[in-house]
Amino acid sequence: MKLFFKLMLSIFFFLAVGCQSTTPETEEEMPLDLKWMRYSVEYQALCTQVYRLAWKSVKQQAASLDEDWVVVLDVDETALDNSGYQEILYKEKKDFPYFWDDWVLLEECPPVPGVKAFIDSVRSLGDNAHIAFITNRNFPLTDATRSNLTAVGLWEDGDVLLCQKGREDTKGIRRDEVRNGTGRCEGMGPRKIIALIGDQIGDMDSYPEEKPSDEPTLQGTREAHLKEYYLNSDKWGTAYFMLPNPMYGYWTSGYQR
Ligand SMILES: [Mg+2]
């Protein structure tokens with residue numbers, strides 16, 4: 001039954017998007033953000049560059065650590081490429097979350113360029129090295145997500161995958177569980193997070209929300225403070241690694257909570 005379901009979804013996908021890998025000449029109308037993600041070598045080069053820099057940092061940090069440590073990756077547009085889904089939205093003239101769960105259940109996302117080489121390299125650093133995926137895909141999509149990660153060589157037994165159990169289940173809460181070996185990571189022991197890799201600011205350490213409100217103050221708005229907070233961080237390129245995603249994100253709505 002599952003096989004039949006996947007077959008039908010696959011037919012829909014290929015009818016909607018096709019399987020071309022070069023820029024389609026008939027797609028002049030395609031928004032530039034999507035076209036860039038789907039067809040530019042520049043996008044692929046940037047991802048590869050980010051992952052190579054991340055590997056250099058992880059290797060260097062791991063050399064002086066005796067404890068268990070972990071690299072935390074987001075999933076969408078960080079480990080798995082959903083630009084095919086975005087192309088479906090464009091062609092069908094629909095908005096997220098149209099077809100999203102079905103898309104995930106297809107389990108056919110390709111890996112983001114550079115991520116497999118990075119994860120393979122991290123695994124080569126021994127028993128103290130761990131991989132955790134923290135994603136805001138809904139919890140019922142956990143098995144399909146793990147299966148997709150496995151299919152493209154990004155998953156091994158012992159890895160952690162924490163999908164979101166409702167809006168209150170923030171990435172910060174899940175990072176703390178990975179860090180402290182609590183909650184869903186009970187029994188795994190504490191692990192030092194040495195790198196955070198994502199395509200959204202929310203994939204990095206949490207913004208300290210108790211600070212400014214959304215109301216404008218003499219010091220500016222929450223959005224201005226948030227931008228300043230992250231841009232002033234000295235963790236970019238050492239512990240924080242940001243992948244490009246011009247298609248969607250918190251930035252499109254002024255980083256509203
Ligand atoms: Mg993402």
# chains A, B, ... in the order shown; residues from 1 in each chain; ligands from 1
>>> select_by_dssp(residues="segment 177-215 of chain A", states="helix (DSSP H, G or I)", output="PyMOL selection string")
chain A and resi 177-180+183-185+201-203
>>> residues_near_ligand(ligand="ligand 1", cutoff="9 Å", atoms="only C-alpha atoms and all ligand atoms", output="PyMOL selection string")
chain A and resi 73-80+135-136+198-200+202-203+243+245+249
>>> write_last_selection(atoms="C-alpha atoms", output="short mmCIF file (atom, residue, chain, number, x, y, z; two decimals), in the first residue's frame")
data_model
loop_
_atom_site.label_atom_id
_atom_site.label_comp_id
_atom_site.auth_asym_id
_atom_site.auth_seq_id
_atom_site.Cartn_x
_atom_site.Cartn_y
_atom_site.Cartn_z
CA LEU A 73 22.14 20.19 11.68
CA ASP A 74 18.77 21.45 10.56
CA VAL A 75 17.09 19.29 7.87
CA ASP A 76 15.27 21.38 5.24
CA GLU A 77 17.63 23.36 3.00
CA THR A 78 20.49 22.23 5.25
CA ALA A 79 20.66 18.45 4.86
CA LEU A 80 17.81 17.85 2.40
CA THR A 135 13.98 20.12 12.40
CA ASN A 136 10.60 21.81 12.57
CA GLY A 198 21.26 25.70 9.24
CA ASP A 199 19.58 28.00 6.76
CA GLN A 200 17.64 30.11 9.31
CA GLY A 202 16.57 29.98 14.43
CA ASP A 203 19.00 27.15 13.74
CA LEU A 243 23.53 27.99 4.23
CA ASN A 245 17.99 30.06 1.31
CA GLY A 249 12.24 31.97 6.10
#
>>> atom_distance(atom1="atom CA of Val115 of chain A", atom2="atom CA of Arg179 of chain A")
21.9 Å
>>> residues_around(residues="Ser121 of chain A", least_positions_apart="6", cutoff="10 Å", atoms="only C-alpha atoms", output="VMD selection string")
chain A and resid 55 58 to 59 115
>>> closest_residue(among="A:Glu156, A:Asp176, A:Asp205, A:Glu87", to="Lys192 of chain A", atoms="only C-alpha atoms")
A:Asp176
>>> residues_around(residues="Ile119 of chain A", least_positions_apart="5", cutoff="9 Å", atoms="only C-alpha atoms", output="PDB file with N, CA and C atoms, in the first residue's frame")
ATOM      1  N   TRP A  55      33.757  21.745   8.257  1.00  0.00           N
ATOM      2  CA  TRP A  55      34.613  20.591   8.534  1.00  0.00           C
ATOM      3  C   TRP A  55      35.958  21.025   9.133  1.00  0.00           C
ATOM      4  N   GLY A 114      27.473  19.089  -0.527  1.00  0.00           N
ATOM      5  CA  GLY A 114      28.524  19.188   0.493  1.00  0.00           C
ATOM      6  C   GLY A 114      28.199  18.510   1.799  1.00  0.00           C
ATOM      7  N   SER A 124      34.298  10.137  10.876  1.00  0.00           N
ATOM      8  CA  SER A 124      35.643   9.543  10.886  1.00  0.00           C
ATOM      9  C   SER A 124      36.432   9.952  12.126  1.00  0.00           C
ATOM     10  N   ILE A 131      26.131  13.050  15.577  1.00  0.00           N
ATOM     11  CA  ILE A 131      25.339  13.876  14.657  1.00  0.00           C
ATOM     12  C   ILE A 131      23.910  13.956  15.190  1.00  0.00           C
ATOM     13  N   LEU A 154      22.914   9.988   4.705  1.00  0.00           N
ATOM     14  CA  LEU A 154      23.205  10.957   5.769  1.00  0.00           C
ATOM     15  C   LEU A 154      22.895  10.412   7.163  1.00  0.00           C
ATOM     16  N   TRP A 155      22.307   9.233   7.269  1.00  0.00           N
ATOM     17  CA  TRP A 155      21.857   8.716   8.561  1.00  0.00           C
ATOM     18  C   TRP A 155      22.596   7.435   8.919  1.00  0.00           C
TER      19      TRP A 155
END
>>> residues_around(residues="Ser57 of chain A", least_positions_apart="4", cutoff="7 Å", atoms="only C-alpha atoms", output="PDB file with N, CA and C atoms, in the first residue's frame")
ATOM      1  N   LEU A  53      34.190  24.633   5.138  1.00  0.00           N
ATOM      2  CA  LEU A  53      34.632  25.479   6.260  1.00  0.00           C
ATOM      3  C   LEU A  53      34.188  24.874   7.590  1.00  0.00           C
ATOM      4  N   GLN A  61      38.366  21.782  16.431  1.00  0.00           N
ATOM      5  CA  GLN A  61      37.806  21.762  17.784  1.00  0.00           C
ATOM      6  C   GLN A  61      37.877  20.372  18.391  1.00  0.00           C
ATOM      7  N   THR A 238      32.921  29.644  13.015  1.00  0.00           N
ATOM      8  CA  THR A 238      33.578  28.729  13.950  1.00  0.00           C
ATOM      9  C   THR A 238      32.567  27.741  14.538  1.00  0.00           C
TER      10      THR A 238
END
>>> residues_around(residues="Glu209 of chain A", least_positions_apart="6", cutoff="12 Å", atoms="only C-alpha atoms", output="PDB file with N, CA and C atoms, in the first residue's frame")
ATOM      1  N   GLY A 172      15.355  25.515  20.558  1.00  0.00           N
ATOM      2  CA  GLY A 172      16.185  25.739  21.746  1.00  0.00           C
ATOM      3  C   GLY A 172      15.980  24.644  22.782  1.00  0.00           C
ATOM      4  N   ARG A 222      12.488  45.066  18.492  1.00  0.00           N
ATOM      5  CA  ARG A 222      13.011  43.716  18.732  1.00  0.00           C
ATOM      6  C   ARG A 222      13.758  43.207  17.497  1.00  0.00           C
ATOM      7  N   GLU A 223      13.196  43.494  16.313  1.00  0.00           N
ATOM      8  CA  GLU A 223      13.844  43.025  15.080  1.00  0.00           C
ATOM      9  C   GLU A 223      15.253  43.599  14.955  1.00  0.00           C
ATOM     10  N   HIS A 225      17.165  44.654  17.395  1.00  0.00           N
ATOM     11  CA  HIS A 225      18.023  44.039  18.416  1.00  0.00           C
ATOM     12  C   HIS A 225      18.446  42.631  18.009  1.00  0.00           C
ATOM     13  N   LEU A 226      17.465  41.905  17.448  1.00  0.00           N
ATOM     14  CA  LEU A 226      17.761  40.526  17.033  1.00  0.00           C
ATOM     15  C   LEU A 226      18.863  40.504  15.975  1.00  0.00           C
ATOM     16  N   TYR A 229      22.122  41.376  17.573  1.00  0.00           N
ATOM     17  CA  TYR A 229      22.576  40.271  18.428  1.00  0.00           C
ATOM     18  C   TYR A 229      23.313  39.210  17.607  1.00  0.00           C
ATOM     19  N   TYR A 255      11.174  38.526  11.265  1.00  0.00           N
ATOM     20  CA  TYR A 255      11.578  37.751  12.453  1.00  0.00           C
ATOM     21  C   TYR A 255      10.520  37.797  13.554  1.00  0.00           C
ATOM     22  N   GLN A 256       9.245  37.746  13.123  1.00  0.00           N
ATOM     23  CA  GLN A 256       8.168  37.729  14.118  1.00  0.00           C
ATOM     24  C   GLN A 256       8.167  36.382  14.835  1.00  0.00           C
ATOM     25  N   ARG A 257       7.778  36.432  16.112  1.00  0.00           N
ATOM     26  CA  ARG A 257       7.706  35.187  16.881  1.00  0.00           C
ATOM     27  C   ARG A 257       6.505  34.361  16.444  1.00  0.00           C
TER      28      ARG A 257
END
>>> select_by_dssp(residues="segment 77-210 of chain A", states="strand (DSSP E)", output="MDAnalysis selection string")
chainID A and resid 129:138 160:164 192:198
>>> write_last_selection(atoms="N, CA and C atoms", output="PDB file, in the first residue's frame")
ATOM      1  N   ALA A 129      32.353  11.547  18.472  1.00  0.00           N
ATOM      2  CA  ALA A 129      31.658  12.370  17.476  1.00  0.00           C
ATOM      3  C   ALA A 129      30.216  11.912  17.310  1.00  0.00           C
ATOM      4  N   HIS A 130      29.292  12.864  17.316  1.00  0.00           N
ATOM      5  CA  HIS A 130      27.870  12.539  17.149  1.00  0.00           C
ATOM      6  C   HIS A 130      27.213  13.532  16.203  1.00  0.00           C
ATOM      7  N   ILE A 131      26.131  13.050  15.577  1.00  0.00           N
ATOM      8  CA  ILE A 131      25.339  13.876  14.657  1.00  0.00           C
ATOM      9  C   ILE A 131      23.910  13.956  15.190  1.00  0.00           C
ATOM     10  N   ALA A 132      23.360  15.178  15.232  1.00  0.00           N
ATOM     11  CA  ALA A 132      21.951  15.360  15.607  1.00  0.00           C
ATOM     12  C   ALA A 132      21.270  16.242  14.568  1.00  0.00           C
ATOM     13  N   PHE A 133      20.078  15.814  14.162  1.00  0.00           N
ATOM     14  CA  PHE A 133      19.240  16.616  13.261  1.00  0.00           C
ATOM     15  C   PHE A 133      18.088  17.189  14.071  1.00  0.00           C
ATOM     16  N   ILE A 134      17.940  18.498  14.058  1.00  0.00           N
ATOM     17  CA  ILE A 134      16.823  19.163  14.740  1.00  0.00           C
ATOM     18  C   ILE A 134      16.044  19.950  13.693  1.00  0.00           C
ATOM     19  N   THR A 135      14.782  19.546  13.491  1.00  0.00           N
ATOM     20  CA  THR A 135      13.981  20.119  12.402  1.00  0.00           C
ATOM     21  C   THR A 135      12.581  20.465  12.872  1.00  0.00           C
ATOM     22  N   ASN A 136      11.990  21.479  12.251  1.00  0.00           N
ATOM     23  CA  ASN A 136      10.600  21.813  12.565  1.00  0.00           C
ATOM     24  C   ASN A 136       9.607  21.070  11.686  1.00  0.00           C
ATOM     25  N   ARG A 137      10.064  20.021  10.984  1.00  0.00           N
ATOM     26  CA  ARG A 137       9.093  19.086  10.410  1.00  0.00           C
ATOM     27  C   ARG A 137       8.274  18.519  11.568  1.00  0.00           C
ATOM     28  N   ASN A 138       6.980  18.329  11.339  1.00  0.00           N
ATOM     29  CA  ASN A 138       6.122  17.837  12.416  1.00  0.00           C
ATOM     30  C   ASN A 138       6.495  16.416  12.828  1.00  0.00           C
ATOM     31  N   VAL A 160      20.739  11.275  16.135  1.00  0.00           N
ATOM     32  CA  VAL A 160      19.536  11.805  16.786  1.00  0.00           C
ATOM     33  C   VAL A 160      18.737  12.594  15.752  1.00  0.00           C
ATOM     34  N   LEU A 161      17.409  12.369  15.738  1.00  0.00           N
ATOM     35  CA  LEU A 161      16.509  13.165  14.903  1.00  0.00           C
ATOM     36  C   LEU A 161      15.357  13.644  15.775  1.00  0.00           C
ATOM     37  N   LEU A 162      15.257  14.950  15.974  1.00  0.00           N
ATOM     38  CA  LEU A 162      14.186  15.515  16.794  1.00  0.00           C
ATOM     39  C   LEU A 162      13.310  16.414  15.940  1.00  0.00           C
ATOM     40  N   CYS A 163      12.131  15.884  15.587  1.00  0.00           N
ATOM     41  CA  CYS A 163      11.121  16.690  14.901  1.00  0.00           C
ATOM     42  C   CYS A 163      10.336  17.476  15.947  1.00  0.00           C
ATOM     43  N   GLN A 164       9.440  18.341  15.477  1.00  0.00           N
ATOM     44  CA  GLN A 164       8.766  19.267  16.390  1.00  0.00           C
ATOM     45  C   GLN A 164       7.434  18.699  16.885  1.00  0.00           C
ATOM     46  N   LYS A 192      28.739  18.063  24.086  1.00  0.00           N
ATOM     47  CA  LYS A 192      29.057  19.467  23.803  1.00  0.00           C
ATOM     48  C   LYS A 192      28.723  19.777  22.342  1.00  0.00           C
ATOM     49  N   ILE A 193      27.862  20.768  22.141  1.00  0.00           N
ATOM     50  CA  ILE A 193      27.540  21.177  20.763  1.00  0.00           C
ATOM     51  C   ILE A 193      28.677  22.055  20.243  1.00  0.00           C
ATOM     52  N   ILE A 194      29.377  21.579  19.206  1.00  0.00           N
ATOM     53  CA  ILE A 194      30.516  22.362  18.711  1.00  0.00           C
ATOM     54  C   ILE A 194      30.210  23.064  17.387  1.00  0.00           C
ATOM     55  N   ALA A 195      29.109  22.706  16.736  1.00  0.00           N
ATOM     56  CA  ALA A 195      28.734  23.418  15.512  1.00  0.00           C
ATOM     57  C   ALA A 195      27.232  23.332  15.303  1.00  0.00           C
ATOM     58  N   LEU A 196      26.656  24.447  14.858  1.00  0.00           N
ATOM     59  CA  LEU A 196      25.242  24.522  14.499  1.00  0.00           C
ATOM     60  C   LEU A 196      25.176  24.902  13.024  1.00  0.00           C
ATOM     61  N   ILE A 197      24.483  24.076  12.232  1.00  0.00           N
ATOM     62  CA  ILE A 197      24.435  24.319  10.792  1.00  0.00           C
ATOM     63  C   ILE A 197      22.980  24.420  10.358  1.00  0.00           C
ATOM     64  N   GLY A 198      22.643  25.503   9.650  1.00  0.00           N
ATOM     65  CA  GLY A 198      21.257  25.695   9.239  1.00  0.00           C
ATOM     66  C   GLY A 198      21.121  26.719   8.137  1.00  0.00           C
TER      67      GLY A 198
END
>>> residues_around(residues="Ala62 of chain A", least_positions_apart="6", cutoff="10 Å", atoms="only C-alpha atoms", output="MDAnalysis selection string")
chainID A and resid 68:70 122 125:126 128:129 194
>>> closest_residue(among="A:Gly189, A:Thr23, A:Leu46, A:Ala239", to="Glu67 of chain A", atoms="only C-alpha atoms")
A:Gly189
>>> atom_distance(atom1="atom CA of Trp103 of chain A", atom2="atom CA of Pro244 of chain A")
21.4 Å
>>> atom_distance(atom1="atom CA of Phe241 of chain A", atom2="atom CA of Trp36 of chain A")
20.2 Å
>>> closest_residue(among="A:Asp81, A:Asp127, A:Glu92, A:Asp66", to="Met37 of chain A", atoms="only C-alpha atoms")
A:Asp81
